[in-house]
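**Q** Below is upload_38.cif; it holds mmCIF, C-alpha atoms.
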data_model
#
loop_
_atom_site.label_atom_id
_atom_site.label_comp_id
_atom_site.auth_asym_id
_atom_site.auth_seq_id
_atom_site.Cartn_x
_atom_site.Cartn_y
_atom_site.Cartn_z
CA MET W 1 81.79 22.66 94.46
CA ILE W 2 84.72 20.82 96.08
CA LEU W 3 84.30 17.34 97.57
CA VAL W 4 86.38 16.70 100.68
CA VAL W 5 86.50 12.98 101.42
CA ASP W 6 86.78 11.94 105.09
CA MET W 7 89.24 9.02 104.92
CA ASN W 8 89.02 8.07 108.61
CA TRP W 9 88.10 4.51 109.54
CA LYS W 10 84.45 5.12 110.28
CA ARG W 11 81.76 7.75 109.81
CA GLY W 12 81.76 10.43 112.52
CA SER W 13 85.01 9.19 114.05
CA LEU W 14 86.92 10.96 116.80
CA ALA W 15 89.67 11.65 114.25
CA PHE W 16 87.31 13.60 111.95
CA ASN W 17 87.88 16.91 113.79
CA GLU W 18 91.62 16.57 113.40
CA PHE W 19 91.83 15.75 109.70
CA VAL W 20 88.77 17.18 107.92
CA PRO W 21 87.73 20.62 109.29
CA PRO W 22 91.30 21.97 108.97
CA ILE W 23 91.03 21.28 105.19
CA VAL W 24 87.52 22.71 104.97
CA SER W 25 88.59 25.91 106.75
CA VAL W 26 91.13 26.57 103.98
CA VAL W 27 88.91 25.53 101.06
CA GLN W 28 85.57 26.99 102.09
CA PRO W 29 86.53 30.69 101.72
CA LEU W 30 87.60 29.94 98.11
CA GLU W 31 84.86 27.58 96.97
CA GLU W 32 81.86 25.86 98.51
CA CYS W 33 82.65 22.37 99.69
CA VAL W 34 80.85 19.22 100.71
CA VAL W 35 82.27 16.59 103.08
CA LYS W 36 81.50 12.89 102.59
CA HIS W 37 82.89 9.84 104.30
CA PHE W 38 84.67 7.51 101.87
CA LEU W 39 82.01 4.82 102.40
CA ASP W 40 79.38 7.30 101.17
CA VAL W 41 81.07 8.45 97.95
CA LYS W 42 78.97 7.40 94.95
CA GLN W 43 80.47 7.36 91.47
CA ALA W 44 77.24 8.72 89.95
CA GLU W 45 77.32 11.86 92.15
CA LEU W 46 80.89 12.89 91.35
CA GLU W 47 79.93 14.85 88.23
CA SER W 48 78.66 17.71 90.40
CA TYR W 49 82.09 18.42 91.92
CA SER W 50 84.87 20.46 90.35
CA LYS W 51 87.71 18.94 92.39
CA ILE W 52 88.19 16.33 95.08
CA ILE W 53 90.45 16.31 98.17
CA LEU W 54 91.13 13.10 100.13
CA SER W 55 91.93 13.76 103.81
CA GLY W 56 94.64 12.21 105.93
CA THR W 57 94.05 9.90 108.90
CA THR W 58 95.68 9.03 112.21
CA LEU W 59 98.93 7.05 112.08
CA LYS W 60 97.29 3.75 113.04
CA ASP W 61 94.35 4.06 110.67
CA HIS W 62 94.85 2.01 107.50
CA ALA W 63 91.16 1.38 106.80
CA THR W 64 91.17 2.82 103.26
CA LEU W 65 94.22 0.78 102.31
CA LYS W 66 92.34 -2.40 103.23
CA GLN W 67 89.24 -1.43 101.22
CA ILE W 68 90.91 -0.18 98.08
CA GLU W 69 88.09 -1.56 95.92
CA LYS W 70 85.91 1.26 97.30
CA PHE W 71 88.07 3.78 95.43
CA ASP W 72 87.69 2.65 91.81
CA TRP W 73 86.06 6.02 91.13
CA ILE W 74 89.50 7.65 91.50
CA LYS W 75 90.51 6.04 88.19
CA THR W 76 87.38 6.88 86.27
CA CYS W 77 85.82 10.13 87.55
CA GLY W 78 88.05 12.44 85.51
CA LYS W 79 88.12 15.11 88.23
CA PRO W 80 91.29 16.72 89.60
CA ILE W 81 92.11 14.92 92.85
CA LEU W 82 94.54 15.80 95.64
CA GLY W 83 95.23 13.06 98.19
CA ILE W 84 96.78 14.04 101.51
CA CYS W 85 98.82 11.42 103.42
CA ALA W 86 96.47 8.40 103.61
CA GLY W 87 94.83 10.00 100.57
CA MET W 88 98.10 9.79 98.64
CA GLN W 89 98.71 6.22 99.83
CA THR W 90 95.20 5.28 98.68
CA ILE W 91 95.75 6.85 95.25
CA ALA W 92 98.98 4.87 94.91
CA LEU W 93 97.29 1.55 95.74
CA VAL W 94 94.39 2.27 93.36
CA PHE W 95 96.97 2.41 90.55
CA ASN W 96 98.85 -0.64 91.89
CA VAL W 97 101.82 1.39 93.13
CA PRO W 98 103.28 -0.43 96.15
CA LEU W 99 103.68 1.32 99.50
CA ARG W 100 106.98 1.41 101.34
CA ALA W 101 107.37 1.61 105.12
CA CYS W 102 108.61 5.09 106.06
CA LEU W 103 107.88 6.67 109.44
CA GLN W 104 108.03 10.46 109.69
CA VAL W 105 106.38 12.54 112.39
CA GLY W 106 106.83 16.28 112.79
CA MET W 107 108.41 18.95 110.64
CA ALA W 108 110.54 17.76 107.70
CA GLU W 109 112.32 19.49 104.84
CA ILE W 110 110.68 18.80 101.49
CA THR W 111 112.61 19.23 98.23
CA THR W 112 110.75 19.84 94.97
CA LEU W 113 112.01 17.60 92.17
CA LYS W 114 109.70 18.64 89.36
CA GLU W 115 108.12 22.00 88.59
CA ASN W 116 104.44 21.98 89.41
CA PRO W 117 101.60 24.42 90.16
CA LEU W 118 101.36 23.52 93.85
CA PHE W 119 104.80 24.22 95.39
CA GLN W 120 108.39 24.95 94.54
CA GLY W 121 111.92 24.82 95.97
CA LYS W 122 112.63 23.58 99.47
CA PHE W 123 110.16 24.07 102.29
CA ASN W 124 109.34 22.65 105.69
CA ALA W 125 106.14 20.67 106.12
CA TYR W 126 104.30 18.73 108.82
CA THR W 127 104.53 14.97 108.34
CA LEU W 128 102.60 12.14 110.04
CA HIS W 129 102.95 8.89 108.14
CA ASN W 130 104.03 5.25 108.43
CA TYR W 131 104.17 4.63 104.68
CA SER W 132 105.35 6.32 101.54
CA VAL W 133 105.21 4.96 97.98
CA GLU W 134 107.66 3.27 95.66
CA PRO W 135 108.70 5.09 92.46
CA SER W 136 106.35 4.20 89.61
CA GLN W 137 106.23 4.40 85.81
CA ASN W 138 102.74 5.90 85.95
CA PHE W 139 103.57 8.67 88.41
CA GLU W 140 105.99 11.57 88.46
CA THR W 141 107.76 12.14 91.77
CA LEU W 142 107.17 15.81 92.53
CA ALA W 143 108.98 16.05 95.85
CA GLU W 144 110.89 14.06 98.44
CA SER W 145 112.21 14.32 101.99
CA THR W 146 115.52 12.82 103.07
CA LYS W 147 113.60 9.62 103.85
CA CYS W 148 111.03 9.08 101.11
CA ILE W 149 108.84 10.31 98.26
CA GLN W 150 106.60 13.13 99.52
CA ALA W 151 104.52 14.10 96.49
CA ILE W 152 103.39 12.38 93.29
CA LYS W 153 101.37 13.21 90.16
CA HIS W 154 99.79 10.75 87.75
CA LYS W 155 101.44 11.15 84.33
CA GLN W 156 98.19 11.20 82.35
CA LYS W 157 95.54 12.25 84.85
CA ASN W 158 94.96 15.32 87.07
CA ILE W 159 95.57 13.24 90.17
CA CYS W 160 98.26 14.07 92.69
CA GLY W 161 99.17 13.25 96.24
CA VAL W 162 101.18 14.83 99.03
CA LEU W 163 102.34 12.79 101.98
CA PHE W 164 102.86 15.83 104.21
CA HIS W 165 99.89 17.78 105.62
CA PRO W 166 99.37 21.12 103.83
CA GLU W 167 96.35 21.89 106.03
CA VAL W 168 98.70 22.11 109.04
CA ARG W 169 101.58 24.04 107.49
CA ASN W 170 101.71 25.32 103.86
CA GLN W 171 97.99 25.99 103.45
CA GLU W 172 98.78 27.89 100.24
CA ILE W 173 99.33 24.50 98.57
CA LEU W 174 95.67 23.64 99.17
CA LYS W 175 94.65 27.07 97.89
CA ARG W 176 96.70 26.60 94.72
CA PHE W 177 95.08 23.22 94.13
CA ILE W 178 91.65 24.86 94.38
CA GLN W 179 92.61 27.83 92.21
CA SER W 180 94.77 26.20 89.53
CA ASP W 181 93.15 25.38 86.18
CA SER W 182 95.30 22.37 85.56
CA LEU W 183 97.89 20.27 87.34
CA LYS W 184 100.15 20.29 84.29
CA MET W 185 103.71 19.57 85.27
CA GLY W 186 106.84 21.40 84.16
CA THR W 187 110.40 20.23 83.79
CA THR W 188 112.36 18.08 86.16
CA ILE W 189 114.57 20.12 88.48
CA SER W 190 118.12 18.91 88.38
CA MET J 1 87.85 2.04 121.71
CA ARG J 2 89.21 2.55 125.25
CA LEU J 3 90.94 5.90 125.61
CA GLY J 4 93.15 7.72 128.10
CA VAL J 5 93.10 11.52 128.01
CA LEU J 6 96.31 13.48 128.60
CA PHE J 7 94.89 15.73 131.26
CA SER J 8 96.38 18.90 132.69
CA GLY J 9 93.17 20.14 134.28
CA GLY J 10 93.18 23.13 131.92
CA LYS J 11 90.52 24.09 129.41
CA ASP J 12 91.85 22.36 126.29
CA SER J 13 92.45 18.92 127.76
CA THR J 14 89.05 19.08 129.47
CA LEU J 15 87.30 19.95 126.19
CA ALA J 16 89.24 17.20 124.41
CA LEU J 17 87.99 14.79 127.11
CA HIS J 18 84.38 15.86 126.44
CA LEU J 19 84.73 15.40 122.69
CA ALA J 20 86.40 12.02 123.13
CA ALA J 21 83.67 10.84 125.52
CA GLU J 22 81.01 11.70 122.91
CA LYS J 23 82.61 9.23 120.45
CA GLU J 24 84.50 6.57 122.38
CA GLU J 25 84.94 5.20 125.91
CA VAL J 26 87.25 7.31 128.10
CA VAL J 27 88.62 5.01 130.79
CA CYS J 28 91.29 7.11 132.51
CA LEU J 29 93.04 10.44 132.74
CA ILE J 30 96.81 10.67 132.40
CA THR J 31 98.69 13.49 134.08
CA VAL J 32 102.37 14.32 134.07
CA VAL J 33 103.26 16.54 137.01
CA SER J 34 106.30 18.64 136.14
CA LYS J 35 108.51 20.05 138.86
CA ASN J 36 109.78 22.60 136.34
CA PRO J 37 107.53 25.70 136.16
CA GLU J 38 108.84 26.36 132.64
CA SER J 39 108.05 22.87 131.39
CA TYR J 40 108.18 22.53 127.59
CA MET J 41 105.37 20.03 127.45
CA PHE J 42 103.14 20.26 130.45
CA HIS J 43 100.81 22.85 131.84
CA THR J 44 101.89 23.48 135.43
CA PRO J 45 99.77 25.74 137.70
CA ASN J 46 97.45 23.79 139.97
CA ILE J 47 98.39 20.44 138.52
CA ASP J 48 97.64 19.04 141.99
CA VAL J 49 94.00 19.90 141.40
CA THR J 50 93.83 17.16 138.74
CA ALA J 51 93.19 14.55 141.46
CA LEU J 52 90.11 16.49 142.56
CA GLN J 53 89.01 16.97 138.93
CA ALA J 54 89.40 13.24 138.29
CA GLU J 55 87.23 12.54 141.34
CA ALA J 56 84.65 15.05 140.08
CA LEU J 57 84.65 13.24 136.74
CA GLY J 58 84.55 9.78 138.29
CA LEU J 59 87.62 8.71 136.28
CA PRO J 60 90.82 7.08 137.52
CA LEU J 61 93.97 9.21 137.25
CA VAL J 62 97.36 7.90 136.16
CA SER J 63 99.81 10.44 137.48
CA VAL J 64 103.60 10.48 137.11
CA ILE J 65 106.08 13.07 138.31
CA THR J 66 108.77 14.49 136.04
CA GLU J 67 111.74 16.67 136.85
CA GLY J 68 110.71 18.68 133.79
CA GLN J 69 113.94 18.48 131.84
CA LYS J 70 113.34 18.75 128.09
CA GLU J 71 113.72 15.18 126.82
CA GLY J 72 113.32 13.57 130.26
CA GLU J 73 109.76 14.85 130.26
CA LEU J 74 109.04 12.77 127.20
CA ALA J 75 110.42 9.62 128.79
CA ASP J 76 108.14 10.30 131.76
CA LEU J 77 105.16 10.81 129.47
CA GLU J 78 105.94 7.51 127.78
CA ARG J 79 106.09 5.89 131.22
CA ALA J 80 102.67 7.35 132.07
CA ILE J 81 101.04 6.14 128.82
CA THR J 82 102.66 2.72 129.29
CA GLU J 83 101.17 2.54 132.78
CA ALA J 84 97.72 3.58 131.47
CA LYS J 85 98.00 0.92 128.78
CA SER J 86 98.79 -1.84 131.24
CA ARG J 87 96.38 -0.78 134.01
CA PHE J 88 93.40 0.29 131.89
CA GLN J 89 94.04 -1.47 128.54
CA ILE J 90 93.79 1.77 126.59
CA ASP J 91 93.79 1.56 122.78
CA GLY J 92 94.45 5.25 122.33
CA VAL J 93 95.43 8.59 123.80
CA VAL J 94 93.64 11.92 123.45
CA THR J 95 95.40 15.30 123.68
CA GLY J 96 94.19 18.89 123.82
CA ALA J 97 96.80 20.07 121.28
CA VAL J 98 95.52 22.95 119.14
CA GLU J 99 98.46 24.47 117.31
CA SER J 100 101.73 23.19 118.73
CA VAL J 101 103.46 20.92 116.25
CA TYR J 102 106.19 20.54 118.88
CA GLN J 103 103.82 19.02 121.45
CA ALA J 104 101.65 17.09 119.02
CA SER J 105 104.48 15.41 117.16
CA ARG J 106 106.19 14.28 120.35
CA VAL J 107 103.02 12.66 121.66
CA GLN J 108 102.42 11.10 118.22
CA ARG J 109 105.87 9.49 118.26
CA ILE J 110 105.35 8.05 121.74
CA CYS J 111 101.92 6.67 120.81
CA ASN J 112 103.37 5.13 117.67
CA ARG J 113 106.14 3.45 119.66
CA LEU J 114 103.60 2.11 122.16
CA ASP J 115 101.22 1.05 119.37
CA VAL J 116 98.27 3.14 120.59
CA TRP J 117 96.09 5.54 118.60
CA CYS J 118 96.59 9.27 119.07
CA PHE J 119 93.69 11.72 118.76
CA ASN J 120 93.82 15.52 118.79
CA PRO J 121 90.19 16.62 118.49
CA LEU J 122 90.95 20.35 118.87
CA TRP J 123 93.75 20.33 116.27
CA LYS J 124 93.95 23.53 114.15
CA HIS J 125 90.59 24.74 115.39
CA ASP J 126 89.87 28.45 115.61
CA GLN J 127 91.05 29.65 119.00
CA ILE J 128 88.32 32.23 119.54
CA ALA J 129 85.65 29.69 118.58
CA LEU J 130 87.15 27.28 121.12
CA LEU J 131 87.02 29.94 123.86
CA GLU J 132 83.39 30.63 123.00
CA THR J 133 82.66 26.90 123.28
CA PHE J 134 83.61 26.99 126.96
CA VAL J 135 81.07 29.71 127.62
CA GLU J 136 78.37 28.02 125.52
CA LYS J 137 78.87 24.63 127.15
CA LYS J 138 78.98 26.23 130.62
CA PHE J 139 82.51 25.27 131.57
CA LYS J 140 83.81 27.18 134.59
CA VAL J 141 87.36 27.96 133.55
CA ILE J 142 89.58 30.32 135.51
CA ILE J 143 92.86 31.88 134.44
CA SER J 144 95.45 30.32 136.71
CA GLY J 145 98.65 31.52 135.05
CA ILE J 146 99.79 34.55 133.04
CA PHE J 147 103.10 34.58 131.27
CA ALA J 148 103.15 37.45 128.75
CA TYR J 149 103.03 41.23 128.46
CA PRO J 150 100.63 43.05 129.00
CA LEU J 151 98.81 40.45 131.14
CA ASP J 152 99.06 41.23 134.82
CA GLU J 153 97.83 39.90 138.15
CA LYS J 154 94.35 41.36 137.61
CA TRP J 155 93.74 38.51 135.16
CA LEU J 156 94.53 35.79 137.69
CA GLY J 157 91.52 33.93 139.03
CA LYS J 158 89.19 35.49 136.45
CA GLN J 159 86.58 33.21 134.91
CA ILE J 160 86.59 33.00 131.12
CA ASP J 161 83.38 34.67 129.99
CA ALA J 162 82.28 36.76 127.00
CA GLN J 163 83.92 39.88 128.44
CA VAL J 164 87.26 38.17 129.06
CA ILE J 165 87.21 36.67 125.56
CA ALA J 166 86.53 40.11 124.03
CA ARG J 167 89.50 41.56 125.94
CA LEU J 168 91.78 38.68 124.89
CA VAL J 169 90.78 39.23 121.27
CA GLU J 170 91.70 42.92 121.63
CA LEU J 171 95.10 41.96 123.06
CA GLN J 172 95.62 39.58 120.14
CA GLY J 173 95.17 42.53 117.79
CA GLN J 174 97.40 44.86 119.81
CA TYR J 175 100.15 42.56 121.06
CA GLY J 176 99.88 39.35 119.03
CA ILE J 177 98.94 37.31 122.08
CA SER J 178 97.37 33.97 121.26
CA PRO J 179 93.87 34.42 122.76
CA SER J 180 93.63 30.85 123.97
CA GLY J 181 97.16 30.87 125.33
CA GLU J 182 98.61 28.55 122.68
CA GLY J 183 101.96 30.27 123.01
CA GLY J 184 101.94 29.70 126.78
CA GLU J 185 100.61 33.22 127.45
CA ILE J 186 97.88 31.99 129.79
CA GLU J 187 97.17 28.79 131.64
CA THR J 188 93.77 27.78 132.93
CA THR J 189 92.13 25.53 135.49
CA VAL J 190 88.67 24.01 135.04
CA LEU J 191 86.46 24.10 138.14
CA ASP J 192 83.31 22.76 136.52
CA ALA J 193 82.29 21.24 133.19
CA PRO J 194 79.31 19.29 131.83
CA MET J 195 80.92 15.91 132.58
CA PHE J 196 81.80 16.88 136.18
CA LYS J 197 79.46 15.07 138.57
CA GLN J 198 80.44 17.57 141.28
CA LYS J 199 82.09 20.96 140.98
CA ILE J 200 85.23 22.33 142.59
CA GLU J 201 84.99 25.04 145.21
CA VAL J 202 88.18 26.94 145.93
CA LEU J 203 88.50 27.49 149.67
CA GLU J 204 91.89 29.13 149.80
CA SER J 205 94.03 30.62 147.07
CA ALA J 206 97.03 32.85 146.67
CA ILE J 207 98.25 35.04 143.85
CA GLU J 208 101.95 35.06 143.17
CA ALA J 209 102.84 37.54 140.46
CA LYS J 210 105.73 39.67 139.30
CA ASP J 211 105.59 41.93 136.26
CA ASN J 212 103.81 39.88 133.58
CA CYS J 213 104.26 36.43 135.09
CA GLY J 214 102.07 35.02 137.78
CA VAL J 215 99.99 32.15 139.03
CA PHE J 216 96.70 31.75 140.84
CA GLN J 217 97.60 29.01 143.25
CA ILE J 218 94.76 26.90 144.60
CA LYS J 219 95.85 26.09 148.15
CA GLN J 220 92.73 24.33 149.32
CA ALA J 221 89.66 23.15 147.43
CA ARG J 222 86.82 20.66 147.78
CA LEU J 223 84.09 19.05 145.74
CA VAL J 224 80.56 20.33 146.24
CA PRO J 225 77.24 19.26 144.68
CA LYS J 226 76.29 20.99 141.42
#
Mind converting the file's structure to structure tokens?
**A**
Amino acid sequence: MILVVDMNWKRGSLAFNEFVPPIVSVVQPLEECVVKHFLDVKQAELESYSKIILSGTTLKDHATLKQIEKFDWIKTCGKPILGICAGMQTIALVFNVPLRACLQVGMAEITTLKENPLFQGKFNAYTLHNYSVEPSQNFETLAESTKCIQAIKHKQKNICGVLFHPEVRNQEILKRFIQSDSLKMGTTIS
Amino acid sequence: MRLGVLFSGGKDSTLALHLAAEKEEVVCLITVVSKNPESYMFHTPNIDVTALQAEALGLPLVSVITEGQKEGELADLERAITEAKSRFQIDGVVTGAVESVYQASRVQRICNRLDVWCFNPLWKHDQIALLETFVEKKFKVIISGIFAYPLDEKWLGKQIDAQVIARLVELQGQYGISPSGEGGEIETTVLDAPMFKQKIEVLESAIEAKDNCGVFQIKQARLVPK
């Protein structure tokens, strides 16, 4: 069972349709999934899920970033987690990685910097973000655009984030996250 | 949250309006009237009908005219949203974008510049399911433009019903046509919808068609009780 976390600013928001069902439509044919708003995620219930996906949000929605204490479970649950856009920004803040202003909207070329089970080489992806993250000792940088870091992976934990939206273009990345046994990283691509 | 809906009078923007009104307060419609029939951004047939649709909905309409040149259209859209922001204090904009990254990202950039929210409640949704929604929710949607082979003038003026959807799905299989017209294959005009307080009656219309391009032009229409 996959948990898809609705990261939008309130339960049942107008943005839900835009950011959550497109993820569910990719995941559901591969594995059953449950959707919960971030305010409703309970640490004690997380054991029943195999993996967790954190959705993106609209450009102006920074609600999760202002309530980062609600995401302590990211550190402790031990489940593979993929954060998309606001999901990646939230993961970064949970581990005290600072955000960096970086506006990208529309298609952008993404370059893979480190071998990983989710994507490889150069590819075009849909971006919609006001912030990226600073480089960090605790995270590998998996990919970048010409403007900023686009994907990260925690060095010790199965937690990764992509700033671009794989549910819009590159749905196979979501499928690989669901189907891969581990998020073990390979070598850095020079 | 006070919202303005980018409104072409076609099926997708009308459905987006309905979804937005279920969650937030829709305070105006925003229409960009393009003089260019091949506009990159804006649905064109029967755009004049939007004034009647706005009246049927009981919502004010912010309407600006564009010459329809590629980037000029965007400046005109920005002008329209700016006007909606100052006249109706909107906090956000709603679009009927389903698949087009081109359209969606341009509206997103404008909203970001103007510091308003941008919502796309139909984004990435299954096109056939969306078409079926119009039938289920009793929208009266007619095909008012055809722009792709093998569509011909027989389609113009037809109401979208189960039979039309079945035929569009067949054409998707045979010719790769997007069944909801996401690639600009068809354009639509909404004559009635659940939020309409009155419905539109077409009094005079004309079909202008050549080969696989054509429009159902509404020449005269009025509001009548539902």
**Q** Taking the file as shown, what set of residues would the PyMOL selection byres ((chain J) within 10 of (chain W)) give back, as a compact mmCIF listing (two decimals) with C-alpha atoms, keeping the file's coordinate frame?
**A**
# COMPACT_ATOMS: atom_id res chain seq x y z
CA LEU J 19 84.73 15.40 122.69
CA ALA J 20 86.40 12.02 123.13
CA ALA J 21 83.67 10.84 125.52
CA GLU J 22 81.01 11.70 122.91
CA LYS J 23 82.61 9.23 120.45
CA GLU J 24 84.50 6.57 122.38
CA GLY J 92 94.45 5.25 122.33
CA VAL J 94 93.64 11.92 123.45
CA VAL J 98 95.52 22.95 119.14
CA GLU J 99 98.46 24.47 117.31
CA VAL J 101 103.46 20.92 116.25
CA TYR J 102 106.19 20.54 118.88
CA GLN J 103 103.82 19.02 121.45
CA ALA J 104 101.65 17.09 119.02
CA SER J 105 104.48 15.41 117.16
CA ARG J 106 106.19 14.28 120.35
CA VAL J 107 103.02 12.66 121.66
CA GLN J 108 102.42 11.10 118.22
CA ARG J 109 105.87 9.49 118.26
CA CYS J 111 101.92 6.67 120.81
CA ASN J 112 103.37 5.13 117.67
CA ASP J 115 101.22 1.05 119.37
CA VAL J 116 98.27 3.14 120.59
CA TRP J 117 96.09 5.54 118.60
CA CYS J 118 96.59 9.27 119.07
CA PHE J 119 93.69 11.72 118.76
CA ASN J 120 93.82 15.52 118.79
CA PRO J 121 90.19 16.62 118.49
CA LEU J 122 90.95 20.35 118.87
CA TRP J 123 93.75 20.33 116.27
CA LYS J 124 93.95 23.53 114.15
CA HIS J 125 90.59 24.74 115.39
CA ASP J 126 89.87 28.45 115.61
**Q** For W:Trp9, work out the shell of residues within 8 Å, counting only C-alpha atoms and skipping chain neighbours fewer than 6 positions away, then give it as a list in words.
**A**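 In the requested format, the answer is Asp61, His62, Ala63 and Thr64 of chain W.
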**Q** Quick one, how far is atom CA of W:Cys33 from atom CA of W:Leu3?
**A**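 These atoms are spaced 5.7 Å apart.
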**Q** Can you turn the PyMOL selection byres ((chain J and resi 28) around 8) into a concrete residue list for this file, as a list in words?
**A**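 Evaluating the PyMOL selection byres ((chain J and resi 28) around 8) on this file yields Leu3, Gly4, Val5, Val26, Val27, Leu29, Ile30, Leu59, Pro60, Leu61, Val62, Ala84 and Phe88 of chain J.
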**Q** How about saving the chosen residues, C-alpha atoms kept, as a compact mmCIF listing (two decimals), in the frame of the given file?
**A**
# COMPACT_ATOMS: atom_id res chain seq x y z
CA LEU J 3 90.94 5.90 125.61
CA GLY J 4 93.15 7.72 128.10
CA VAL J 5 93.10 11.52 128.01
CA VAL J 26 87.25 7.31 128.10
CA VAL J 27 88.62 5.01 130.79
CA LEU J 29 93.04 10.44 132.74
CA ILE J 30 96.81 10.67 132.40
CA LEU J 59 87.62 8.71 136.28
CA PRO J 60 90.82 7.08 137.52
CA LEU J 61 93.97 9.21 137.25
CA VAL J 62 97.36 7.90 136.16
CA ALA J 84 97.72 3.58 131.47
CA PHE J 88 93.40 0.29 131.89
**Q** Spell out the residues picked by the PyMOL selection byres ((chain W and resi 124) around 6) here, as an mmCIF file with C-alpha atoms, in the frame of the given file.
**A**
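What ended up in out_16.cif:
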data_model
loop_
_atom_site.group_PDB
_atom_site.id
_atom_site.type_symbol
_atom_site.label_atom_id
_atom_site.label_comp_id
_atom_site.auth_asym_id
_atom_site.auth_seq_id
_atom_site.Cartn_x
_atom_site.Cartn_y
_atom_site.Cartn_z
ATOM 1 C CA ALA W 108 110.540 17.760 107.700
ATOM 2 C CA GLU W 109 112.320 19.490 104.840
ATOM 3 C CA ILE W 110 110.680 18.800 101.490
ATOM 4 C CA PHE W 123 110.160 24.070 102.290
ATOM 5 C CA ALA W 125 106.140 20.670 106.120
#
**Q** Just want the 12 Å neighbourhood of J:Val49, counted on all atoms listed in the file, with same-chain residues fewer than 4 positions away dropped. Output as number ranges by chain.
**A** J: 7-10, 31, 33, 44-45, 53-56, 61, 63, 144, 188-191, 199-202, 217-223
**Q** For J:Arg2, which residue among J:Gln127, J:Gln89, J:Thr133, J:Asn46 is the nearest when counting only C-alpha atoms?
**A**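 Nearest candidate to J:Arg2 out of J:Gln127, J:Gln89, J:Thr133, J:Asn46: J:Gln89.
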